[in-house]
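Participant: My structure file work_22.cif, mmCIF, C-alpha atoms; chains and numbers go by the auth columns, is below:
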data_target
loop_
_atom_site.group_PDB
_atom_site.id
_atom_site.type_symbol
_atom_site.label_atom_id
_atom_site.label_comp_id
_atom_site.label_asym_id
_atom_site.label_seq_id
_atom_site.Cartn_x
_atom_site.Cartn_y
_atom_site.Cartn_z
_atom_site.B_iso_or_equiv
_atom_site.auth_seq_id
_atom_site.auth_asym_id
ATOM 1 C CA MET A 1 149.295 103.243 171.008 0.00 28 A
ATOM 2 C CA ILE A 2 147.030 102.113 173.852 0.00 29 A
ATOM 3 C CA LYS A 3 149.536 103.158 176.495 0.00 30 A
ATOM 4 C CA ALA A 4 149.641 106.699 175.192 0.00 31 A
ATOM 5 C CA LEU A 5 145.839 106.829 174.905 0.00 32 A
ATOM 6 C CA LEU A 6 145.331 105.550 178.434 0.00 33 A
ATOM 7 C CA LEU A 7 147.885 107.896 179.934 0.00 34 A
ATOM 8 C CA LEU A 8 146.499 110.917 178.089 0.00 35 A
ATOM 9 C CA ALA A 9 142.906 110.008 178.926 0.00 36 A
ATOM 10 C CA GLY A 10 143.770 109.466 182.584 0.00 37 A
ATOM 11 C CA ALA A 11 145.681 112.709 182.857 0.00 38 A
ATOM 12 C CA ALA A 12 142.892 114.614 181.104 0.00 39 A
ATOM 13 C CA LEU A 13 140.226 113.144 183.391 0.00 40 A
ATOM 14 C CA VAL A 14 142.166 113.934 186.546 0.00 41 A
ATOM 15 C CA ALA A 15 143.005 117.456 185.381 0.00 42 A
ATOM 16 C CA PHE A 16 139.400 118.147 184.394 0.00 43 A
ATOM 17 C CA PHE A 17 138.070 116.793 187.653 0.00 44 A
ATOM 18 C CA LEU A 18 140.526 118.690 189.844 0.00 45 A
ATOM 19 C CA ALA A 19 139.949 121.944 187.972 0.00 46 A
ATOM 20 C CA ASN A 20 136.144 121.715 187.971 0.00 47 A
ATOM 21 C CA ARG A 21 135.287 119.507 190.940 0.00 48 A
ATOM 22 C CA ARG A 22 132.809 121.939 192.487 0.00 49 A
ATOM 23 C CA LYS A 23 130.913 122.788 189.318 0.00 50 A
ATOM 24 C CA ALA A 24 127.643 121.084 188.482 0.00 51 A
ATOM 25 C CA ARG A 25 128.859 120.364 184.942 0.00 52 A
ATOM 26 C CA ALA A 26 131.785 118.337 186.284 0.00 53 A
ATOM 27 C CA LYS A 27 129.513 116.405 188.632 0.00 54 A
ATOM 28 C CA ALA A 28 127.165 115.667 185.739 0.00 55 A
ATOM 29 C CA GLY A 29 130.138 114.639 183.601 0.00 56 A
ATOM 30 C CA VAL A 30 131.238 112.156 186.247 0.00 57 A
ATOM 31 C CA LYS A 31 127.757 110.640 186.338 0.00 58 A
ATOM 32 C CA ILE A 32 127.572 110.415 182.555 0.00 59 A
ATOM 33 C CA GLY A 33 131.054 108.876 182.484 0.00 60 A
ATOM 34 C CA PHE A 34 129.967 106.280 185.022 0.00 61 A
ATOM 35 C CA VAL A 35 126.919 105.363 182.936 0.00 62 A
ATOM 36 C CA LEU A 36 129.072 105.056 179.794 0.00 63 A
ATOM 37 C CA PHE A 37 131.537 102.895 181.704 0.00 64 A
ATOM 38 C CA VAL A 38 128.750 100.568 182.832 0.00 65 A
ATOM 39 C CA VAL A 39 127.335 100.392 179.291 0.00 66 A
ATOM 40 C CA PHE A 40 130.813 99.530 177.969 0.00 67 A
ATOM 41 C CA MET A 41 131.218 96.766 180.542 0.00 68 A
ATOM 42 C CA VAL A 42 127.783 95.296 179.753 0.00 69 A
ATOM 43 C CA TYR A 43 128.640 95.375 176.045 0.00 70 A
ATOM 44 C CA ALA A 44 131.952 93.664 176.807 0.00 71 A
ATOM 45 C CA VAL A 45 130.128 90.834 178.555 0.00 72 A
ATOM 46 C CA ILE A 46 127.469 90.445 175.864 0.00 73 A
ATOM 47 C CA ARG A 47 129.789 90.727 172.825 0.00 74 A
ATOM 48 C CA PRO A 48 133.309 89.626 173.797 0.00 75 A
ATOM 49 C CA ASP A 49 134.348 89.054 170.169 0.00 76 A
ATOM 50 C CA ASP A 50 133.598 92.683 169.317 0.00 77 A
ATOM 51 C CA LEU A 51 135.659 93.741 172.290 0.00 78 A
ATOM 52 C CA THR A 52 138.604 91.683 171.040 0.00 79 A
ATOM 53 C CA TRP A 53 138.273 93.329 167.620 0.00 80 A
ATOM 54 C CA ILE A 54 138.260 96.813 169.247 0.00 81 A
ATOM 55 C CA ALA A 55 141.245 95.828 171.384 0.00 82 A
ATOM 56 C CA ASN A 56 143.173 94.652 168.326 0.00 83 A
ATOM 57 C CA ARG A 57 142.497 97.961 166.580 0.00 84 A
ATOM 58 C CA LEU A 58 143.881 99.805 169.614 0.00 85 A
ATOM 59 C CA GLY A 59 146.989 97.629 169.744 0.00 86 A
ATOM 60 C CA VAL A 60 145.979 95.327 172.578 0.00 87 A
ATOM 61 C CA GLN A 61 146.146 91.550 172.098 0.00 88 A
ATOM 62 C CA ARG A 62 142.961 90.529 173.925 0.00 89 A
ATOM 63 C CA GLY A 63 139.668 92.127 174.844 0.00 90 A
ATOM 64 C CA THR A 64 140.117 91.113 178.457 0.00 91 A
ATOM 65 C CA ASP A 65 143.294 93.181 178.594 0.00 92 A
ATOM 66 C CA LEU A 66 141.343 96.170 177.306 0.00 93 A
ATOM 67 C CA VAL A 67 138.734 95.631 180.032 0.00 94 A
ATOM 68 C CA LEU A 68 141.518 95.413 182.608 0.00 95 A
ATOM 69 C CA TYR A 69 143.014 98.703 181.389 0.00 96 A
ATOM 70 C CA ALA A 70 139.594 100.350 181.563 0.00 97 A
ATOM 71 C CA LEU A 71 139.055 99.038 185.089 0.00 98 A
ATOM 72 C CA VAL A 72 142.461 100.314 186.212 0.00 99 A
ATOM 73 C CA MET A 73 141.679 103.765 184.819 0.00 100 A
ATOM 74 C CA GLY A 74 138.240 103.723 186.423 0.00 101 A
ATOM 75 C CA PHE A 75 139.686 102.689 189.782 0.00 102 A
ATOM 76 C CA ALA A 76 142.335 105.404 189.628 0.00 103 A
ATOM 77 C CA PHE A 77 139.704 108.034 188.843 0.00 104 A
ATOM 78 C CA VAL A 78 137.425 106.870 191.676 0.00 105 A
ATOM 79 C CA THR A 79 140.371 106.888 194.080 0.00 106 A
ATOM 80 C CA VAL A 80 141.344 110.461 193.195 0.00 107 A
ATOM 81 C CA SER A 81 137.711 111.557 193.342 0.00 108 A
ATOM 82 C CA THR A 82 137.181 109.999 196.777 0.00 109 A
ATOM 83 C CA TYR A 83 140.414 111.476 198.132 0.00 110 A
ATOM 84 C CA VAL A 84 139.483 114.983 196.981 0.00 111 A
ATOM 85 C CA ARG A 85 135.950 114.659 198.354 0.00 112 A
ATOM 86 C CA PHE A 86 137.178 113.499 201.781 0.00 113 A
ATOM 87 C CA ARG A 87 139.762 116.298 201.948 0.00 114 A
ATOM 88 C CA GLU A 88 137.058 118.870 201.228 0.00 115 A
ATOM 89 C CA GLN A 89 134.800 117.287 203.842 0.00 116 A
ATOM 90 C CA GLU A 90 137.564 117.370 206.470 0.00 117 A
ATOM 91 C CA LEU A 91 138.152 121.035 205.678 0.00 118 A
ATOM 92 C CA ARG A 92 134.441 121.802 206.094 0.00 119 A
ATOM 93 C CA TYR A 93 134.349 119.965 209.429 0.00 120 A
ATOM 94 C CA SER A 94 137.371 121.833 210.749 0.00 121 A
ATOM 95 C CA ARG A 95 135.856 125.167 209.699 0.00 122 A
ATOM 96 C CA LEU A 96 132.598 124.218 211.398 0.00 123 A
ATOM 97 C CA ALA A 97 134.426 123.191 214.580 0.00 124 A
ATOM 98 C CA ARG A 98 136.332 126.496 214.631 0.00 125 A
ATOM 99 C CA THR A 99 133.127 128.477 214.144 0.00 126 A
ATOM 100 C CA ILE A 100 131.358 126.646 216.964 0.00 127 A
ATOM 101 C CA ALA A 101 134.376 127.009 219.247 0.00 128 A
ATOM 102 C CA LEU A 102 134.540 130.743 218.600 0.00 129 A
ATOM 103 C CA GLN A 103 130.805 131.184 219.187 0.00 130 A
ATOM 104 C CA ASN A 104 130.921 129.329 222.504 0.00 131 A
ATOM 105 C CA ALA A 105 134.174 130.801 223.756 0.00 132 A
ATOM 106 C CA VAL A 106 134.240 132.107 227.352 0.00 133 A
ATOM 107 C CA ARG A 107 136.414 135.109 228.139 0.00 134 A
ATOM 108 C CA PRO A 108 138.331 135.067 231.401 0.00 135 A
ATOM 109 C CA ASP A 109 137.382 138.687 232.240 0.00 136 A
ATOM 110 C CA ASP A 110 137.921 138.683 235.975 0.00 137 A
ATOM 111 C CA ASP A 111 138.689 136.422 238.932 0.00 138 A
ATOM 112 C CA ALA A 112 135.011 135.929 239.812 0.00 139 A
ATOM 113 C CA ASP A 113 134.479 133.932 236.654 0.00 140 A
ATOM 114 C CA ALA A 114 137.637 131.939 237.321 0.00 141 A
ATOM 115 C CA ARG A 115 136.428 131.026 240.835 0.00 142 A
ATOM 116 C CA ALA A 116 133.109 129.885 239.442 0.00 143 A
ATOM 117 C CA VAL A 117 134.956 127.384 237.289 0.00 144 A
ATOM 118 C CA GLU A 118 136.848 125.848 240.238 0.00 145 A
ATOM 119 C CA PRO A 119 135.710 122.360 241.244 0.00 146 A
ATOM 120 C CA ALA A 120 133.240 122.123 244.108 0.00 147 A
ATOM 121 C CA GLN A 121 134.107 120.517 247.437 0.00 148 A
ATOM 122 C CA ASP A 122 133.672 116.777 247.543 0.00 149 A
ATOM 123 C CA ASP A 123 130.583 116.197 249.681 0.00 150 A
ATOM 124 C CA ASP A 124 130.006 112.664 248.541 0.00 151 A
ATOM 125 C CA PRO A 125 130.029 110.376 251.647 0.00 152 A
ATOM 126 C CA LEU A 126 130.955 107.310 249.584 0.00 153 A
ATOM 127 C CA ARG A 127 134.293 108.809 248.587 0.00 154 A
ATOM 128 C CA ARG A 128 135.504 109.370 252.147 0.00 155 A
#
Translate this file's structure into structure tokens.
Facilitator:
Amino acid sequence: MIKALLLLAGAALVAFFLANRRKARAKAGVKIGFVLFVVFMVYAVIRPDDLTWIANRLGVQRGTDLVLYALVMGFAFVTVSTYVRFREQELRYSRLARTIALQNAVRPDDDADARAVEPAQDDDPLRR
């Protein structure tokens, strides 16, 4: 039972996040989920016997195994979230670099401009 719950919950979280990653509601949902995760972990430390009881009801032998499953799901979600965020940031940087390159582009209109770009004669006495 726990395997199916974890897989469905993980798939639902990833699908929701990927579909709504730019919306404020999704960002707020991630923050609320993080707070709930922290509250669950604090509760697990304070009341380990209750956690074992919850784990047994879900079909897990020990409460520590349930905490491990929750941590694995949390780590997977953070990994996907970080990957998506970095990909979007790389895309923004490349768009910015293209925009700046196009704004500062120099057209080779005639030969006069090309001669102006040629290197100057070496007049440095130390290089002779």
Participant: Of the candidates A:Val94, A:Ala38, A:Val57, A:Ala128, which one gets nearest to Ile81 of chain A if we count only C-alpha atoms?
Facilitator: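 Answer, going by the shortest atom-to-atom distance: A:Val94.
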Participant: How many Å lie between atom CA of Tyr70 of chain A and atom CA of Phe104 of chain A, rounded to one decimal?
Facilitator: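 Atom CA of Tyr70 of chain A sits 21.1 Å away from atom CA of Phe104 of chain A.
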Participant: Have a look at atom CA of Val105 of chain A and atom CA of Lys58 of chain A and let me know their distance in Å, one decimal.
Facilitator: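 Between these atoms lies a distance of 11.7 Å.
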Participant: Would you please work out which residue, of A:Leu32, A:Val87, A:Ala46, A:Met100, is nearest to Phe64 of chain A when using all atoms listed in the file?
Facilitator: A:Met100
Participant: Once the PyMOL selection byres ((chain A and resi 71) around 12) has been evaluated on this model, what residues remain selected, and can you format them as a list in words?
Facilitator: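 Evaluating the PyMOL selection byres ((chain A and resi 71) around 12) on this file yields Phe64, Val65, Val66, Phe67, Met68, Val69, Tyr70, Val72, Ile73, Arg74, Pro75, Asp76, Asp77, Leu78, Thr79, Trp80, Ile81, Ala82, Arg89, Gly90, Thr91, Asp92, Leu93, Val94, Leu95 and Ala97 of chain A.
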Participant: Pick from A:Leu85, A:Val62, A:Leu40, A:Val107: nearest to Met28 of chain A, with only C-alpha atoms counted?
Facilitator: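 For Met28 of chain A, the nearest of the candidates is A:Leu85.
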Participant: What gap, in Å, lies between atom CA of Val133 of chain A and atom CA of Gln116 of chain A?
Facilitator: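 Here the two named atoms are 27.8 Å from each other.
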